[in-house]
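Enquirer: So I've got this file, run09.cif, and it contains mmCIF, C-alpha atoms:
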data_model
#
loop_
_atom_site.label_atom_id
_atom_site.label_comp_id
_atom_site.auth_asym_id
_atom_site.auth_seq_id
_atom_site.Cartn_x
_atom_site.Cartn_y
_atom_site.Cartn_z
CA MET A 1 0.15 52.73 -34.70
CA SER A 2 2.84 50.19 -34.01
CA ASN A 3 2.41 46.62 -35.09
CA THR A 4 4.66 45.15 -32.38
CA ASN A 5 3.54 42.33 -30.16
CA ASN A 6 3.80 43.26 -26.48
CA LYS A 7 3.47 39.67 -25.31
CA GLN A 8 6.73 38.35 -23.98
CA GLU A 9 7.66 34.96 -25.25
CA SER A 10 8.39 32.53 -22.48
CA VAL A 11 11.56 30.60 -22.96
CA ALA A 12 11.83 27.17 -21.42
CA HIS A 13 14.97 26.97 -19.32
CA LEU A 14 15.68 23.36 -18.54
CA PRO A 15 17.75 22.74 -15.43
CA PHE A 16 21.20 21.35 -16.06
CA SER A 17 22.04 17.70 -15.45
CA CYS A 18 24.79 16.77 -13.02
CA GLN A 19 27.08 15.92 -15.94
CA ARG A 20 26.67 19.39 -17.41
CA ILE A 21 27.10 21.09 -14.03
CA ILE A 22 30.29 19.11 -13.40
CA THR A 23 31.84 19.63 -16.83
CA GLN A 24 30.58 23.08 -17.85
CA ASN A 25 29.54 26.39 -16.32
CA GLN A 26 32.23 26.44 -13.67
CA PRO A 27 31.20 28.81 -10.87
CA GLY A 28 33.21 31.97 -10.33
CA PRO A 29 34.28 33.32 -6.92
CA GLN A 30 30.99 35.17 -6.34
CA ASP A 31 28.68 32.50 -7.82
CA CYS A 32 26.35 30.25 -5.86
CA HIS A 33 25.93 27.33 -8.21
CA GLY A 34 27.78 24.18 -9.13
CA CYS A 35 28.30 20.73 -7.71
CA PRO A 36 29.79 20.87 -4.20
CA TYR A 37 31.44 17.48 -4.75
CA ARG A 38 33.23 18.87 -7.81
CA HIS A 39 33.71 22.53 -6.97
CA PHE A 40 34.40 22.63 -3.21
CA SER A 41 37.80 21.98 -1.66
CA ALA A 42 37.99 18.79 0.40
CA ASP A 43 37.96 20.73 3.69
CA ARG A 44 35.04 22.92 2.64
CA LEU A 45 33.05 19.91 1.40
CA GLN A 46 33.55 17.96 4.63
CA THR A 47 32.56 20.96 6.72
CA ALA A 48 29.49 21.61 4.55
CA LEU A 49 28.36 17.98 4.65
CA LEU A 50 28.66 17.76 8.43
CA ALA A 51 26.97 21.13 8.98
CA THR A 52 24.13 20.38 6.58
CA TYR A 53 23.42 16.71 7.24
CA SER A 54 24.51 15.90 10.80
CA GLY A 55 20.87 16.07 11.88
CA GLN A 56 19.98 13.48 9.26
CA GLY A 57 22.30 10.73 10.40
CA PHE A 58 25.45 11.89 8.62
CA SER A 59 28.65 11.69 10.68
CA THR A 60 32.41 11.77 10.37
CA THR A 61 32.41 7.98 9.91
CA ASP A 62 30.67 8.53 6.53
CA LEU A 63 33.31 10.93 5.26
CA PRO A 64 36.13 8.57 4.17
CA GLU A 65 33.96 6.68 1.67
CA ILE A 66 32.49 9.88 0.25
CA MET A 67 35.79 11.73 0.08
CA ASN A 68 37.38 8.72 -1.62
CA ALA A 69 34.71 8.87 -4.35
CA VAL A 70 35.37 12.60 -4.72
CA LYS A 71 39.13 12.02 -4.94
CA GLN A 72 38.52 9.53 -7.75
CA GLU A 73 36.29 12.15 -9.45
CA HIS A 74 33.16 10.00 -9.05
CA PHE A 75 31.11 12.99 -7.96
CA HIS A 76 27.74 11.39 -8.69
CA VAL A 77 28.73 8.39 -6.56
CA ALA A 78 29.65 10.65 -3.63
CA CYS A 79 26.34 12.49 -3.97
CA THR A 80 24.42 9.21 -4.11
CA LYS A 81 26.21 7.93 -0.99
CA VAL A 82 25.21 11.09 0.90
CA PHE A 83 21.62 10.58 -0.28
CA GLU A 84 21.65 7.00 0.99
CA VAL A 85 23.03 7.97 4.40
CA THR A 86 20.70 10.92 4.91
CA HIS A 87 17.60 9.03 3.79
CA GLY A 88 18.25 5.73 5.57
CA ILE A 89 18.64 3.80 2.33
CA PRO A 90 20.88 0.71 2.36
CA ARG A 91 24.28 1.34 0.78
CA GLY A 92 24.35 0.61 -2.92
CA GLN A 93 20.62 1.09 -3.51
CA GLY A 94 20.87 4.73 -4.50
CA LEU A 95 17.79 6.17 -6.11
CA GLU A 96 15.98 2.99 -7.09
CA GLY A 97 19.26 1.34 -8.05
CA GLU A 98 20.61 4.39 -9.88
CA SER A 99 23.16 7.05 -9.04
CA VAL A 100 22.08 10.67 -8.85
CA THR A 101 22.25 12.17 -12.35
CA HIS A 102 20.20 15.34 -11.94
CA PRO A 103 19.62 17.74 -9.04
CA ASN A 104 15.86 17.60 -9.61
CA GLN A 105 15.99 13.80 -9.39
CA TYR A 106 17.62 14.12 -5.94
CA VAL A 107 14.98 16.56 -4.74
CA ALA A 108 12.02 14.62 -6.19
CA LYS A 109 13.13 11.32 -4.64
CA SER A 110 13.87 13.04 -1.33
CA ARG A 111 10.36 14.55 -1.25
CA GLU A 112 8.83 11.23 -2.24
CA LEU A 113 10.60 9.46 0.62
CA GLU A 114 9.67 12.23 3.06
CA LYS A 115 6.00 12.04 2.04
CA SER A 116 6.02 8.26 2.29
CA ALA A 117 7.53 8.42 5.79
CA SER A 118 4.99 11.06 6.80
CA ASP A 119 2.09 8.98 5.46
CA THR A 120 3.37 5.89 7.27
CA SER A 121 3.75 7.86 10.50
CA MET A 122 0.21 9.21 10.23
CA LYS A 123 -1.20 5.71 9.61
CA LYS A 124 0.58 4.42 12.73
CA GLU A 125 -0.87 7.29 14.80
CA VAL A 126 -4.40 6.54 13.58
CA LYS A 127 -4.03 2.81 14.37
CA SER A 128 -2.77 3.49 17.89
CA GLU A 129 -5.72 5.74 18.79
#
Can I see the file as structure tokens?
Expert:
Amino acid sequence: MSNTNNKQESVAHLPFSCQRIITQNQPGPQDCHGCPYRHFSADRLQTALLATYSGQGFSTTDLPEIMNAVKQEHFHVACTKVFEVTHGIPRGQGLEGESVTHPNQYVAKSRELEKSASDTSMKKEVKSE
């Protein structure tokens, strides 16, 4: 009789921060990870931003400021500016006064804002009935 343990140990895999994504683990040609502000060409990034966020208030007038931040290698600043534009946050406020530093932070704040907007919309509907 074998004395081996058949239980698989679960290993905690923490998601990478923006800093780690930008400076390490460069994506290869067939990979689907990385920071688009760091790893996309300027043309590809502009096309992707317009295609992805045009329905959320993003337009070509937003591109110069974002692309300038990318050119200066301030990738987190560019990402934060896109977040502000697409979530209707005044420029410079970012995520509660901070720049984006982690992809999960971006998603969590986005969901929080979406839920808050949804709750506010539902309260207005109830009041008007």
Enquirer: Could you give me the centre and size, in Å to one decimal, of an axis-aligned box around all listed atoms of range 85-96 of chain A with 8 Å added on every side, as JSON?
Expert:
{"center_x": 20.2, "center_y": 5.8, "center_z": -0.8, "size_x": 24.4, "size_y": 26.3, "size_z": 28.7}
Enquirer: Given the PyMOL selection byres ((chain A and resi 61-69) around 12) and the file above, list the residues it selects as a PyMOL selection string.
Expert: chain A and resi 36-38+40-50+53-54+57-60+70-86+91
Enquirer: What gap, in Å, lies between CA of Cys32 in chain A and CA of Ser17 in chain A?
Expert: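 Pair CA of Cys32 in chain A / CA of Ser17 in chain A returns 16.4 Å.
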Enquirer: In Å, rounded to a single decimal, give me how far CA of Glu98 in chain A is from CA of Thr23 in chain A.
Expert: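 Taking CA of Thr23 in chain A as the start and CA of Glu98 in chain A as the end point, the length is 20.2 Å.
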Enquirer: Name every residue that the PyMOL selection byres ((chain A and resi 110) around 12) selects in this structure, writing the answer as a compact mmCIF listing (two decimals) with C-alpha atoms, keeping the file's coordinate frame with chains first and numbers rising.
Expert:
# COMPACT_ATOMS: atom_id res chain seq x y z
CA THR A 80 24.42 9.21 -4.11
CA VAL A 82 25.21 11.09 0.90
CA PHE A 83 21.62 10.58 -0.28
CA GLU A 84 21.65 7.00 0.99
CA VAL A 85 23.03 7.97 4.40
CA THR A 86 20.70 10.92 4.91
CA HIS A 87 17.60 9.03 3.79
CA GLY A 88 18.25 5.73 5.57
CA ILE A 89 18.64 3.80 2.33
CA GLY A 94 20.87 4.73 -4.50
CA LEU A 95 17.79 6.17 -6.11
CA GLU A 96 15.98 2.99 -7.09
CA VAL A 100 22.08 10.67 -8.85
CA PRO A 103 19.62 17.74 -9.04
CA ASN A 104 15.86 17.60 -9.61
CA GLN A 105 15.99 13.80 -9.39
CA TYR A 106 17.62 14.12 -5.94
CA VAL A 107 14.98 16.56 -4.74
CA ALA A 108 12.02 14.62 -6.19
CA LYS A 109 13.13 11.32 -4.64
CA ARG A 111 10.36 14.55 -1.25
CA GLU A 112 8.83 11.23 -2.24
CA LEU A 113 10.60 9.46 0.62
CA GLU A 114 9.67 12.23 3.06
CA LYS A 115 6.00 12.04 2.04
CA SER A 116 6.02 8.26 2.29
CA ALA A 117 7.53 8.42 5.79
Enquirer: Find the distance between CA of Cys18 in chain A and CA of Cys35 in chain A and write it in Å to one decimal.
Expert: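 Separation of CA of Cys18 in chain A and CA of Cys35 in chain A: 7.5 Å.
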Enquirer: Under the rule that only C-alpha atoms are counted, which of A:Gln93, A:Gln56, A:His33, A:Ser118 is the nearest residue to Ile21 in chain A?
Expert: A:His33
Enquirer: Do you know which residues are at most 8 Å from Gly34 in chain A counting all atoms listed in the file, after dropping those on the same chain fewer than 4 positions away, and could you put them as JSON, numbers by chain?
Expert: {"A": [21, 22, 25, 26, 27, 38, 39]}
